[in-house]
>>> print(open('my_file_37.csv').read())   # CSV, C-alpha atoms
chain,number,residue,atom,x,y,z
O,1,MET,CA,-35.2,-38.1,32.6
O,2,LEU,CA,-34.3,-35.0,34.6
O,3,SER,CA,-35.2,-31.5,33.5
O,4,PHE,CA,-32.4,-29.0,32.9
O,5,SER,CA,-33.5,-26.7,35.7
O,6,PHE,CA,-33.0,-29.6,38.1
O,7,ALA,CA,-30.1,-31.5,36.5
O,8,PHE,CA,-27.8,-28.4,36.2
O,9,PRO,CA,-28.0,-27.2,39.8
O,10,LEU,CA,-27.8,-30.8,41.0
O,11,SER,CA,-24.6,-31.5,39.0
O,12,ALA,CA,-23.1,-28.2,40.2
O,13,LEU,CA,-23.9,-29.0,43.8
O,14,LEU,CA,-22.4,-32.5,43.5
O,15,ALA,CA,-19.2,-31.0,42.1
O,16,VAL,CA,-19.0,-28.5,45.0
O,17,LEU,CA,-19.5,-31.2,47.5
O,18,ALA,CA,-16.9,-33.3,45.8
O,19,HIS,CA,-14.4,-30.4,46.1
O,20,LEU,CA,-15.4,-29.8,49.8
O,21,TRP,CA,-14.9,-33.4,50.8
O,22,PRO,CA,-12.1,-33.1,53.3
O,23,SER,CA,-8.9,-35.1,52.4
O,24,HIS,CA,-5.3,-33.9,52.7
O,25,PHE,CA,-3.6,-30.8,51.4
O,26,ALA,CA,-1.2,-33.1,49.5
O,27,MET,CA,-4.1,-34.9,47.9
O,28,THR,CA,-6.1,-31.9,46.7
O,29,ALA,CA,-3.4,-31.3,44.0
O,30,TYR,CA,-4.3,-34.6,42.5
O,31,GLN,CA,-8.0,-34.0,42.7
O,32,PRO,CA,-10.0,-33.9,39.4
O,33,HIS,CA,-11.5,-30.4,38.6
O,34,PHE,CA,-15.1,-31.5,39.2
O,35,LEU,CA,-16.6,-28.0,38.6
O,36,LEU,CA,-14.7,-27.7,35.3
O,37,LEU,CA,-15.9,-31.2,34.3
O,38,VAL,CA,-19.5,-30.2,35.0
O,39,MET,CA,-19.1,-27.0,33.0
O,40,ILE,CA,-17.6,-28.9,30.1
O,41,PHE,CA,-20.5,-31.5,30.3
O,42,TRP,CA,-23.2,-28.8,30.0
O,43,VAL,CA,-21.4,-26.7,27.3
O,44,THR,CA,-20.9,-29.9,25.2
O,45,ARG,CA,-24.3,-31.5,25.9
O,46,HIS,CA,-26.5,-28.4,25.9
O,47,PRO,CA,-24.6,-25.9,23.8
O,48,LYS,CA,-27.7,-23.8,22.8
O,49,LYS,CA,-28.6,-23.2,26.4
O,50,CYS,CA,-25.2,-23.3,28.1
O,51,GLY,CA,-22.8,-20.9,26.6
O,52,ILE,CA,-20.0,-18.7,27.9
O,53,GLY,CA,-22.5,-17.1,30.3
O,54,TYR,CA,-22.9,-20.4,32.2
O,55,ALA,CA,-19.2,-21.0,32.1
O,56,VAL,CA,-18.6,-17.6,33.7
O,57,LEU,CA,-21.1,-18.4,36.4
O,58,MET,CA,-19.4,-21.7,37.1
O,59,GLY,CA,-16.0,-20.0,37.0
O,60,LEU,CA,-17.2,-17.5,39.6
O,61,ILE,CA,-18.4,-20.3,41.9
O,62,ALA,CA,-15.0,-22.0,41.4
O,63,ASP,CA,-13.2,-18.7,42.3
O,64,LEU,CA,-15.2,-18.3,45.5
O,65,LEU,CA,-14.9,-21.9,46.4
O,66,PHE,CA,-11.1,-22.2,45.8
O,67,GLY,CA,-10.4,-18.9,47.6
O,68,GLY,CA,-7.9,-17.5,45.1
O,69,TRP,CA,-8.2,-14.2,43.4
O,70,ILE,CA,-11.6,-13.7,41.8
O,71,GLY,CA,-11.3,-13.8,38.1
O,72,GLN,CA,-8.6,-16.5,37.8
O,73,GLN,CA,-11.0,-19.4,37.3
O,74,LEU,CA,-13.7,-17.2,35.7
O,75,LEU,CA,-11.3,-16.3,32.9
O,76,ALA,CA,-10.1,-19.9,32.5
O,77,PHE,CA,-13.7,-21.3,32.4
O,78,ALA,CA,-14.7,-18.6,29.8
O,79,VAL,CA,-11.7,-19.4,27.6
O,80,ILE,CA,-12.3,-23.2,27.9
O,81,ALA,CA,-16.0,-22.7,27.0
O,82,TYR,CA,-15.0,-20.6,24.0
O,83,LEU,CA,-12.4,-23.3,22.9
O,84,LEU,CA,-15.1,-25.9,23.2
O,85,THR,CA,-17.5,-24.0,20.9
O,86,LEU,CA,-14.7,-23.7,18.4
O,87,LEU,CA,-13.9,-27.3,18.7
O,88,ARG,CA,-17.5,-28.3,18.2
O,89,ARG,CA,-17.3,-27.0,14.6
O,90,THR,CA,-14.4,-29.2,13.7
O,91,LEU,CA,-15.1,-32.3,15.8
O,92,LEU,CA,-18.8,-32.9,15.1
O,93,SER,CA,-19.6,-36.0,17.1
O,94,PRO,CA,-16.7,-37.0,19.3
O,95,THR,CA,-16.5,-40.3,21.1
O,96,LEU,CA,-16.1,-40.5,24.9
O,97,LEU,CA,-12.5,-41.4,24.4
O,98,GLN,CA,-11.8,-38.4,22.2
O,99,GLU,CA,-13.6,-36.2,24.7
O,100,ALA,CA,-11.5,-37.6,27.5
O,101,VAL,CA,-8.3,-36.8,25.7
O,102,ILE,CA,-9.5,-33.2,25.0
O,103,ILE,CA,-10.5,-32.9,28.7
O,104,VAL,CA,-7.0,-33.9,29.9
O,105,PHE,CA,-5.5,-31.1,27.9
O,106,LEU,CA,-8.2,-28.5,29.0
O,107,VAL,CA,-7.9,-29.4,32.7
O,108,ALA,CA,-4.1,-29.3,32.4
O,109,LEU,CA,-4.4,-25.9,30.9
O,110,VAL,CA,-6.5,-24.6,33.8
O,111,HIS,CA,-4.2,-26.2,36.4
O,112,LEU,CA,-1.2,-24.7,34.8
O,113,TRP,CA,-2.9,-21.3,34.7
O,114,GLN,CA,-3.6,-21.7,38.5
O,115,LEU,CA,-0.1,-22.9,39.2
O,116,GLY,CA,1.3,-19.9,37.3
O,117,TRP,CA,-0.6,-17.5,39.6
O,118,THR,CA,0.7,-19.3,42.7
O,119,ARG,CA,4.3,-19.2,41.3
O,120,LEU,CA,3.8,-15.5,40.9
O,121,ASP,CA,3.0,-15.3,44.6
O,122,GLY,CA,6.2,-17.2,45.5
O,123,ALA,CA,4.9,-20.7,45.9
O,124,VAL,CA,7.2,-23.7,45.1
O,125,ASN,CA,4.4,-26.2,44.2
O,126,ALA,CA,5.4,-29.2,42.2
O,127,PHE,CA,4.4,-29.4,38.6
O,128,ALA,CA,3.6,-33.2,38.4
O,129,PRO,CA,0.5,-33.4,40.7
O,130,THR,CA,-1.3,-30.9,38.6
O,131,LEU,CA,-0.8,-33.0,35.4
O,132,ILE,CA,-1.8,-36.1,37.3
O,133,GLY,CA,-5.0,-34.3,38.4
O,134,ALA,CA,-5.7,-33.5,34.7
O,135,LEU,CA,-5.2,-37.2,33.8
O,136,LEU,CA,-7.6,-38.3,36.6
O,137,SER,CA,-10.1,-35.8,35.3
O,138,GLY,CA,-9.8,-37.4,31.8
O,139,LEU,CA,-10.2,-40.9,33.4
O,140,LEU,CA,-13.3,-39.8,35.3
O,141,TRP,CA,-15.0,-38.3,32.3
O,142,PRO,CA,-16.2,-41.4,30.5
O,143,PRO,CA,-18.1,-43.0,33.4
O,144,CYS,CA,-19.5,-39.7,34.7
O,145,ALA,CA,-20.5,-38.5,31.2
O,146,LEU,CA,-22.1,-41.9,30.5
O,147,LEU,CA,-24.1,-41.7,33.8
O,148,PHE,CA,-25.3,-38.2,33.1
O,149,ASP,CA,-26.1,-39.0,29.5
O,150,LYS,CA,-28.4,-41.7,30.8
O,151,ILE,CA,-30.3,-39.5,33.2
O,152,TYR,CA,-30.3,-36.4,31.1
O,153,ASP,CA,-30.9,-35.8,27.4
O,154,SER,CA,-31.2,-32.2,26.2
O,155,GLY,CA,-32.7,-33.5,22.9
O,156,GLU,CA,-30.2,-31.3,21.0
O,157,ILE,CA,-28.4,-32.8,18.0
O,158,ARG,CA,-24.7,-32.3,18.7
U,1,MET,CA,-14.4,-8.4,33.0
U,2,ALA,CA,-12.3,-11.3,34.5
U,3,ALA,CA,-9.1,-9.2,34.2
U,4,LEU,CA,-10.8,-6.3,35.9
U,5,LEU,CA,-12.1,-8.5,38.7
U,6,LEU,CA,-8.5,-9.9,39.1
U,7,LEU,CA,-7.1,-6.5,39.3
U,8,VAL,CA,-9.7,-5.2,41.8
U,9,ASP,CA,-9.3,-8.3,44.0
U,10,ARG,CA,-5.5,-8.2,44.1
U,11,LYS,CA,-5.3,-4.4,44.7
U,12,THR,CA,-8.3,-3.7,46.9
U,13,PRO,CA,-10.4,-5.3,49.7
U,14,TRP,CA,-13.7,-4.4,47.9
U,15,LEU,CA,-14.6,-8.0,47.1
U,16,GLU,CA,-13.9,-9.4,50.6
U,17,PRO,CA,-17.5,-9.0,51.9
U,18,PHE,CA,-18.7,-11.0,48.8
U,19,LYS,CA,-16.2,-13.8,49.5
U,20,GLN,CA,-17.1,-13.8,53.2
U,21,ASN,CA,-20.8,-14.1,52.4
U,22,PHE,CA,-20.2,-16.9,50.0
U,23,ALA,CA,-18.1,-18.7,52.6
U,24,ALA,CA,-20.9,-18.3,55.2
U,25,ALA,CA,-23.4,-19.6,52.7
U,26,ILE,CA,-21.5,-22.8,51.9
U,27,ALA,CA,-20.7,-23.5,55.6
U,28,PRO,CA,-23.6,-26.0,55.8
U,29,LEU,CA,-22.2,-27.7,52.7
U,30,ASN,CA,-18.9,-28.1,54.5
U,31,TRP,CA,-20.7,-29.8,57.3
U,32,PHE,CA,-22.6,-32.0,54.9
U,33,ALA,CA,-19.4,-32.9,52.9
U,34,ASN,CA,-17.8,-33.9,56.2
U,35,LEU,CA,-20.6,-36.3,57.1
U,36,PRO,CA,-19.1,-39.4,55.4
U,37,THR,CA,-15.8,-38.9,57.4
U,38,GLU,CA,-17.8,-38.5,60.7
U,39,PHE,CA,-19.8,-41.6,59.8
U,40,ALA,CA,-16.7,-43.5,59.1
U,41,LEU,CA,-15.2,-42.5,62.4
U,42,TRP,CA,-18.4,-43.4,64.2
U,43,GLY,CA,-18.5,-46.8,62.4
U,44,GLU,CA,-14.9,-47.5,63.2
U,45,SER,CA,-15.5,-46.9,66.9
U,46,GLN,CA,-18.7,-49.0,66.8
U,47,LEU,CA,-17.0,-52.0,65.1
U,48,ARG,CA,-14.0,-52.1,67.3
U,49,PRO,CA,-13.9,-54.9,69.8
U,50,ARG,CA,-14.5,-54.0,73.5
U,51,GLU,CA,-11.1,-55.3,74.5
U,52,SER,CA,-9.4,-53.0,72.1
U,53,LEU,CA,-11.3,-50.0,73.4
U,54,GLU,CA,-10.6,-51.0,77.0
U,55,GLN,CA,-6.9,-51.3,76.2
U,56,GLU,CA,-6.9,-47.9,74.6
U,57,LEU,CA,-8.7,-46.4,77.5
U,58,GLN,CA,-6.2,-47.9,79.9
U,59,GLN,CA,-3.3,-46.5,77.7
U,60,LEU,CA,-4.9,-43.0,77.7
U,61,GLU,CA,-5.4,-43.1,81.4
U,62,GLN,CA,-1.7,-43.9,81.9
U,63,GLU,CA,-0.7,-41.1,79.5
U,64,LEU,CA,-3.0,-38.7,81.4
U,65,LEU,CA,-1.3,-39.7,84.6
U,66,ILE,CA,2.2,-39.1,83.1
U,67,TYR,CA,1.2,-35.7,81.7
U,68,ARG,CA,-0.4,-34.7,85.0
U,69,GLY,CA,2.8,-35.5,86.8
U,70,LYS,CA,4.8,-33.5,84.2
U,71,LEU,CA,2.3,-30.6,84.6
U,72,GLN,CA,3.0,-30.5,88.4
U,73,GLN,CA,6.6,-30.0,87.6
U,74,GLY,CA,5.7,-27.4,84.9
U,75,VAL,CA,3.6,-25.4,87.3
U,76,GLU,CA,6.6,-25.2,89.7
U,77,LEU,CA,8.9,-24.2,86.8
U,78,ALA,CA,6.4,-21.6,85.5
U,79,ALA,CA,6.2,-20.0,89.0
U,80,GLU,CA,10.0,-19.9,89.2
U,81,ASN,CA,10.2,-18.4,85.7
U,82,SER,CA,7.6,-15.8,86.7
U,83,ARG,CA,9.6,-14.9,89.8
U,84,LEU,CA,12.9,-14.6,87.8
U,85,ARG,CA,11.2,-12.5,85.1
U,86,ALA,CA,9.8,-10.2,87.8
U,87,LEU,CA,13.4,-9.9,89.3
U,88,LEU,CA,14.7,-8.9,85.8
U,89,ASN,CA,11.8,-6.5,85.3
U,90,ALA,CA,10.9,-8.4,82.1
U,91,SER,CA,7.3,-8.5,80.8
U,92,GLU,CA,5.1,-11.2,82.3
U,93,VAL,CA,4.3,-14.2,80.3
U,94,LEU,CA,0.5,-14.7,80.1
U,95,ASP,CA,-1.3,-17.9,80.5
U,96,ASP,CA,-3.3,-19.0,77.4
U,97,SER,CA,-6.7,-20.7,77.7
U,98,LEU,CA,-7.7,-23.2,75.0
U,99,LEU,CA,-10.8,-24.2,73.1
U,100,VAL,CA,-11.0,-27.6,71.3
U,101,SER,CA,-12.3,-27.4,67.7
U,102,GLU,CA,-12.8,-29.9,64.9
U,103,VAL,CA,-11.6,-29.6,61.3
U,104,ILE,CA,-14.7,-29.8,59.1
U,105,GLY,CA,-13.2,-28.8,55.8
U,106,LEU,CA,-10.1,-28.1,53.8
U,107,SER,CA,-9.6,-25.6,51.0
U,108,PRO,CA,-10.3,-27.3,47.7
U,109,ASN,CA,-7.6,-25.1,46.2
U,110,PRO,CA,-4.4,-27.3,46.1
U,111,TYR,CA,-2.3,-24.1,46.3
U,112,GLN,CA,-4.0,-22.6,49.3
U,113,HIS,CA,-3.6,-24.2,52.8
U,114,THR,CA,-6.7,-23.2,54.7
U,115,LEU,CA,-8.8,-25.3,57.1
U,116,VAL,CA,-12.4,-24.8,58.2
U,117,ILE,CA,-13.1,-25.4,61.9
U,118,ASN,CA,-16.4,-25.8,63.7
U,119,ARG,CA,-16.0,-22.8,66.0
U,120,GLY,CA,-17.0,-19.3,65.2
U,121,SER,CA,-17.8,-15.9,66.7
U,122,ALA,CA,-20.5,-17.6,68.9
U,123,ASP,CA,-17.6,-19.3,70.7
U,124,GLY,CA,-15.6,-16.1,71.0
U,125,VAL,CA,-13.2,-16.9,68.1
U,126,MET,CA,-11.4,-13.8,66.7
U,127,ILE,CA,-9.4,-13.0,63.6
U,128,GLY,CA,-5.7,-13.5,64.2
U,129,GLN,CA,-6.2,-16.1,66.9
U,130,PRO,CA,-3.4,-18.7,67.0
U,131,VAL,CA,-4.3,-22.3,66.4
U,132,ILE,CA,-2.3,-25.3,67.5
U,133,ASP,CA,-2.5,-29.1,67.6
U,134,ALA,CA,-1.0,-31.6,70.0
U,135,ASP,CA,2.5,-31.2,68.4
U,136,GLY,CA,2.8,-27.5,67.5
U,137,LEU,CA,1.6,-24.4,65.7
U,138,ILE,CA,-1.0,-24.9,62.9
U,139,GLY,CA,-1.7,-21.3,61.9
U,140,GLN,CA,-4.0,-18.5,62.6
U,141,VAL,CA,-7.7,-17.6,62.2
U,142,VAL,CA,-8.3,-15.4,59.1
U,143,ALA,CA,-12.1,-15.4,58.8
U,144,VAL,CA,-14.8,-15.8,61.4
U,145,ARG,CA,-18.4,-16.6,60.8
U,146,ASP,CA,-21.2,-17.5,63.4
U,147,THR,CA,-20.4,-21.1,63.8
U,148,THR,CA,-17.3,-21.7,61.7
U,149,SER,CA,-13.9,-20.1,61.1
U,150,THR,CA,-11.2,-20.3,58.5
U,151,VAL,CA,-7.6,-21.0,59.6
U,152,LEU,CA,-4.6,-20.1,57.4
U,153,ALA,CA,-2.0,-22.8,57.9
U,154,ILE,CA,1.7,-21.8,58.5
U,155,THR,CA,2.6,-23.8,55.3
U,156,ASP,CA,0.4,-21.5,53.1
U,157,VAL,CA,2.6,-19.6,50.7
U,158,SER,CA,1.2,-16.2,52.0
U,159,HIS,CA,2.1,-17.0,55.6
U,160,ALA,CA,5.2,-16.0,57.5
U,161,LEU,CA,5.9,-15.8,61.2
U,162,PRO,CA,8.8,-14.9,63.5
U,163,VAL,CA,10.7,-17.8,65.1
U,164,ARG,CA,13.7,-18.5,67.2
U,165,SER,CA,16.0,-21.5,67.7
U,166,LEU,CA,15.5,-23.3,71.0
U,167,ARG,CA,19.3,-24.2,71.1
U,168,ASN,CA,20.8,-20.7,70.8
U,169,GLY,CA,17.9,-18.2,70.4
U,170,VAL,CA,18.8,-17.3,66.7
U,171,ARG,CA,15.8,-15.4,65.3
U,172,SER,CA,14.4,-15.7,61.8
U,173,ILE,CA,11.2,-15.7,59.7
U,174,ALA,CA,9.6,-19.1,58.8
U,175,GLU,CA,7.7,-18.9,55.6
U,176,GLY,CA,5.1,-21.2,54.1
U,177,THR,CA,6.1,-22.9,50.8
U,178,GLY,CA,2.7,-24.3,49.7
U,179,ASP,CA,3.9,-27.8,50.7
U,180,SER,CA,2.4,-29.2,53.9
U,181,ASN,CA,5.6,-30.8,54.9
U,182,ARG,CA,7.9,-27.9,54.3
U,183,LEU,CA,8.6,-24.4,55.6
U,184,ARG,CA,11.6,-22.2,54.8
U,185,LEU,CA,13.7,-20.0,56.9
U,186,ARG,CA,14.6,-16.6,55.5
U,187,TYR,CA,17.3,-14.0,56.1
U,188,LEU,CA,19.9,-16.0,57.9
U,189,SER,CA,23.4,-15.2,56.8
U,190,THR,CA,25.8,-17.9,55.8
U,191,THR,CA,27.8,-17.4,59.1
U,192,THR,CA,24.7,-18.1,61.3
U,193,ASP,CA,25.0,-20.8,63.9
U,194,ILE,CA,22.2,-23.2,62.8
U,195,LEU,CA,22.3,-27.0,62.5
U,196,VAL,CA,20.2,-29.7,61.1
U,197,GLY,CA,17.9,-30.9,63.9
U,198,ASP,CA,17.6,-27.5,65.5
U,199,GLU,CA,14.1,-27.0,66.9
U,200,LEU,CA,12.3,-23.6,66.2
U,201,VAL,CA,9.6,-22.1,68.3
U,202,THR,CA,7.5,-19.0,68.0
U,203,SER,CA,9.5,-16.0,69.2
U,204,GLY,CA,6.5,-13.9,70.2
U,205,LEU,CA,7.7,-10.9,68.1
U,206,GLY,CA,4.9,-9.1,66.5
U,207,GLU,CA,2.6,-10.3,69.3
U,208,ARG,CA,0.5,-12.4,66.9
U,209,PHE,CA,1.7,-15.7,68.2
U,210,PRO,CA,2.6,-16.3,71.9
U,211,ALA,CA,6.2,-17.2,72.4
U,212,GLY,CA,7.4,-20.8,72.9
U,213,TYR,CA,5.1,-22.9,70.7
U,214,PRO,CA,6.9,-25.4,68.4
U,215,VAL,CA,7.0,-24.5,64.8
U,216,GLY,CA,9.4,-27.0,63.2
U,217,THR,CA,12.7,-28.7,63.0
U,218,VAL,CA,15.5,-27.9,60.5
U,219,VAL,CA,15.9,-30.7,58.0
U,220,SER,CA,18.3,-29.3,55.5
U,221,ILE,CA,20.7,-26.4,55.1
U,222,GLU,CA,22.2,-25.3,51.8
U,223,ARG,CA,25.0,-22.9,51.4
U,224,THR,CA,25.0,-21.6,47.9
U,225,THR,CA,28.2,-19.8,46.8
U,226,GLY,CA,27.6,-16.2,45.9
U,227,ARG,CA,24.5,-15.9,48.0
U,228,ASP,CA,24.3,-13.9,51.2
U,229,PHE,CA,21.6,-16.1,52.9
U,230,LEU,CA,21.3,-19.7,53.7
U,231,ASP,CA,18.5,-21.9,52.1
U,232,ILE,CA,17.0,-23.7,55.1
U,233,VAL,CA,14.1,-26.1,55.1
U,234,LEU,CA,12.0,-26.9,58.1
U,235,ARG,CA,9.6,-29.8,58.8
U,236,PRO,CA,6.5,-28.4,60.6
U,237,ALA,CA,6.1,-29.7,64.2
U,238,ALA,CA,2.3,-29.8,63.8
U,239,SER,CA,0.5,-32.5,61.8
U,240,ILE,CA,-1.0,-29.8,59.5
U,241,ASP,CA,-2.4,-32.4,57.1
U,242,ARG,CA,-3.6,-35.0,59.5
U,243,SER,CA,-4.9,-33.3,62.7
U,244,HIS,CA,-8.6,-33.7,63.2
U,245,TYR,CA,-8.9,-31.8,66.5
U,246,LEU,CA,-7.3,-28.4,66.9
U,247,LEU,CA,-6.9,-26.0,69.8
U,248,LEU,CA,-7.7,-22.3,69.7
U,249,LEU,CA,-5.5,-20.2,71.9
U,250,PHE,CA,-7.1,-17.4,73.9
U,251,SER,CA,-4.6,-14.9,75.1
U,252,GLU,CA,-5.8,-12.7,78.0
U,253,ARG,CA,-3.9,-9.7,76.6
U,254,LYS,CA,-5.7,-9.9,73.3
U,255,ILE,CA,-9.1,-10.3,74.8
U,256,ASP,CA,-8.5,-7.3,77.1
U,257,SER,CA,-7.2,-5.2,74.2
U,258,THR,CA,-10.3,-5.8,72.1
U,259,ALA,CA,-12.7,-5.4,75.0
U,260,PRO,CA,-14.9,-2.2,74.7
>>> encode(input="my_file_37.csv", output="structure tokens")
Amino acid sequence: MLSFSFAFPLSALLAVLAHLWPSHFAMTAYQPHFLLLVMIFWVTRHPKKCGIGYAVLMGLIADLLFGGWIGQQLLAFAVIAYLLTLLRRTLLSPTLLQEAVIIVFLVALVHLWQLGWTRLDGAVNAFAPTLIGALLSGLLWPPCALLFDKIYDSGEIR
Amino acid sequence: MAALLLLVDRKTPWLEPFKQNFAAAIAPLNWFANLPTEFALWGESQLRPRESLEQELQQLEQELLIYRGKLQQGVELAAENSRLRALLNASEVLDDSLLVSEVIGLSPNPYQHTLVINRGSADGVMIGQPVIDADGLIGQVVAVRDTTSTVLAITDVSHALPVRSLRNGVRSIAEGTGDSNRLRLRYLSTTTDILVGDELVTSGLGERFPAGYPVGTVVSIERTTGRDFLDIVLRPAASIDRSHYLLLLFSERKIDSTAP
């Protein structure tokens, strides 16, 4: 079992590397939002330790990595973390499938938020790839969450 | 706090040093993330049969011979062009020197078209320097670090450059659309002589890009009634999404102007 002080930076580093993996401009629109997935994992698995503060930190990293205006992702991450804490009260012990469905909606929200900003700047980006990216994030969630659940256990009762 | 940061970043350059420092800090990660691609390329070259490599070498030698032949013709034409320009008292066209660079990363932001290359200030790279590939213009350098630089592609939504038609010299502005296979031409009236298939090159206006580098080809023209301008779509000449090796252009004029 990994400790939090090792597992958290490791997961963030892996997410950054996954985003930096060179592909094609056209493909990046379909890419899952790895940093957001990592943030969601820690906020849901370790809610006492990882709150909105950690989400803001991850959002700031995403802003700097993605190269947009600073504050775009930061705000989105903070709102998502807040929504997750609200959701935790209504959905006490979600299954991986339920989590995956929620993740599709949350990632789609962040992608649409990003798309909105680029439309404001005059871009003509297509709508569909962003939703496919959200869907892929949802598909990626169960295997990744299972793997991380196996190597890390916060000991918290969720 | 986020709204304040957004406002500050949109309206002021105060956060730029912070962004630059972060980009410099993650430069080794770019290199690390690129390792699997490098390894795959190396593996492919190692696994290829000797005959195939010899065949490719022979083909490349033939191509080199053809281009050298064309270059001889080009040198003669350039000299003639220079003499004619001198007769017309026109400004002299300067020779550009080139530096080969390798793409080591792409922006993870799907709405931003920037590339990271393995050349930086240590190689003499400067902000604003044009970047091309074998087929045409890729973009310009927007950030320089010690060993890496960031190139803004012409297809990025924030990019625009002056172009002219090779057929008749019509000038316009080619803007990025956020789609790597599409540029749009702006401010051409509905009566302008432009056709599908027209090739557009850099016009040299603004002195950011040297004149004559291929930018794109017109693929569609739409005339919307009630609108003063045409909707024209170009396909970029350069393989912005696929080129692994890029060329940095060093213009003598620019180097001289920045010299102390």
>>> closest_residue(input="my_file_37.csv", among="O:Cys50, O:Leu112, O:Ile40, O:Ile103", to="chain U", atoms="only C-alpha atoms")
O:Leu112
>>> closest_atom_pairs(input="my_file_37.csv", of="chain U", to="chain O", cutoff="10 Å", atoms="only C-alpha atoms", output="Markdown table")
| residue | atom | partner | partner_atom | distance |
| --- | --- | --- | --- | --- |
| U:Met1 | CA | O:Gly71 | CA | 8.0 |
| U:Ala2 | CA | O:Gly71 | CA | 4.5 |
| U:Ala3 | CA | O:Gly71 | CA | 6.4 |
| U:Leu4 | CA | O:Gly71 | CA | 7.8 |
| U:Leu5 | CA | O:Gly71 | CA | 5.4 |
| U:Leu6 | CA | O:Gly71 | CA | 4.9 |
| U:Leu7 | CA | O:Gly71 | CA | 8.5 |
| U:Val8 | CA | O:Ile70 | CA | 8.7 |
| U:Asp9 | CA | O:Trp69 | CA | 6.0 |
| U:Arg10 | CA | O:Trp69 | CA | 6.6 |
| U:Leu15 | CA | O:Ile70 | CA | 8.3 |
| U:Phe18 | CA | O:Leu64 | CA | 8.7 |
| U:Lys19 | CA | O:Leu64 | CA | 6.1 |
| U:Gln20 | CA | O:Leu64 | CA | 9.1 |
| U:Asn21 | CA | O:Leu64 | CA | 9.8 |
| U:Phe22 | CA | O:Leu64 | CA | 6.9 |
| U:Ala23 | CA | O:Leu65 | CA | 7.7 |
| U:Ile26 | CA | O:Leu65 | CA | 8.6 |
| U:Leu29 | CA | O:Leu17 | CA | 6.8 |
| U:Asn30 | CA | O:Leu20 | CA | 6.1 |
| U:Trp31 | CA | O:Leu20 | CA | 9.2 |
| U:Phe32 | CA | O:Leu17 | CA | 8.1 |
| U:Ala33 | CA | O:Trp21 | CA | 5.0 |
| U:Asn34 | CA | O:Trp21 | CA | 6.1 |
| U:Leu35 | CA | O:Trp21 | CA | 9.0 |
| U:Pro36 | CA | O:Trp21 | CA | 8.6 |
| U:Thr37 | CA | O:Pro22 | CA | 8.0 |
| U:Val103 | CA | O:Pro22 | CA | 8.7 |
| U:Ile104 | CA | O:Pro22 | CA | 7.2 |
| U:Gly105 | CA | O:Pro22 | CA | 5.1 |
| U:Leu106 | CA | O:Pro22 | CA | 5.4 |
| U:Ser107 | CA | O:Phe66 | CA | 6.4 |
| U:Pro108 | CA | O:His19 | CA | 5.4 |
| U:Asn109 | CA | O:Phe66 | CA | 4.6 |
| U:Pro110 | CA | O:Ala29 | CA | 4.6 |
| U:Tyr111 | CA | O:Thr118 | CA | 6.7 |
| U:Gln112 | CA | O:Gly67 | CA | 7.6 |
| U:His113 | CA | O:Phe25 | CA | 6.7 |
| U:Thr114 | CA | O:Phe25 | CA | 8.8 |
| U:Leu115 | CA | O:Pro22 | CA | 9.3 |
| U:Val116 | CA | O:Pro22 | CA | 9.6 |
| U:Asp156 | CA | O:Ala123 | CA | 8.5 |
| U:Val157 | CA | O:Ala123 | CA | 5.4 |
| U:Ser158 | CA | O:Asp121 | CA | 7.7 |
| U:Gly176 | CA | O:Ala123 | CA | 8.2 |
| U:Thr177 | CA | O:Ala123 | CA | 5.5 |
| U:Gly178 | CA | O:Ala123 | CA | 5.7 |
| U:Asp179 | CA | O:Asn125 | CA | 6.7 |
| U:Ser180 | CA | O:Phe25 | CA | 6.7 |
| U:Asn181 | CA | O:Ala26 | CA | 9.0 |
| U:Ile240 | CA | O:Phe25 | CA | 8.6 |
| U:Asp241 | CA | O:His24 | CA | 5.5 |
| U:Arg242 | CA | O:His24 | CA | 7.1 |
>>> closest_residue(input="my_file_37.csv", among="U:Leu71, U:Leu246, U:Ala238, U:Leu195", to="Ile154 of chain U", atoms="all atoms listed in the file")
U:Ala238
>>> residues_around(input="my_file_37.csv", residues="Tyr82 of chain O", least_positions_apart="5", cutoff="12 Å", atoms="all atoms listed in the file", output="compact mmCIF listing (two decimals) with C-alpha atoms, in the frame of the given file")
# COMPACT_ATOMS: atom_id res chain seq x y z
CA MET O 39 -19.10 -27.00 33.00
CA ILE O 40 -17.60 -28.90 30.10
CA VAL O 43 -21.40 -26.70 27.30
CA THR O 44 -20.90 -29.90 25.20
CA PRO O 47 -24.60 -25.90 23.80
CA CYS O 50 -25.20 -23.30 28.10
CA GLY O 51 -22.80 -20.90 26.60
CA ILE O 52 -20.00 -18.70 27.90
CA GLY O 53 -22.50 -17.10 30.30
CA TYR O 54 -22.90 -20.40 32.20
CA ALA O 55 -19.20 -21.00 32.10
CA VAL O 56 -18.60 -17.60 33.70
CA LEU O 75 -11.30 -16.30 32.90
CA ALA O 76 -10.10 -19.90 32.50
CA PHE O 77 -13.70 -21.30 32.40
CA LEU O 87 -13.90 -27.30 18.70
CA ARG O 88 -17.50 -28.30 18.20
CA ARG O 89 -17.30 -27.00 14.60
CA LEU O 106 -8.20 -28.50 29.00
>>> residues_around(input="my_file_37.csv", residues="Arg208 of chain U", least_positions_apart="4", cutoff="8 Å", atoms="all atoms listed in the file", output="list of chain:residue names")
U:Gly128, U:Gln129, U:Pro130, U:Gly204
>>> atom_distance(input="my_file_37.csv", atom1="atom CA of Arg119 of chain U", atom2="atom CA of Leu35 of chain O")
27.9 Å
>>> atom_distance(input="my_file_37.csv", atom1="atom CA of Phe127 of chain O", atom2="atom CA of Ala153 of chain U")
21.4 Å
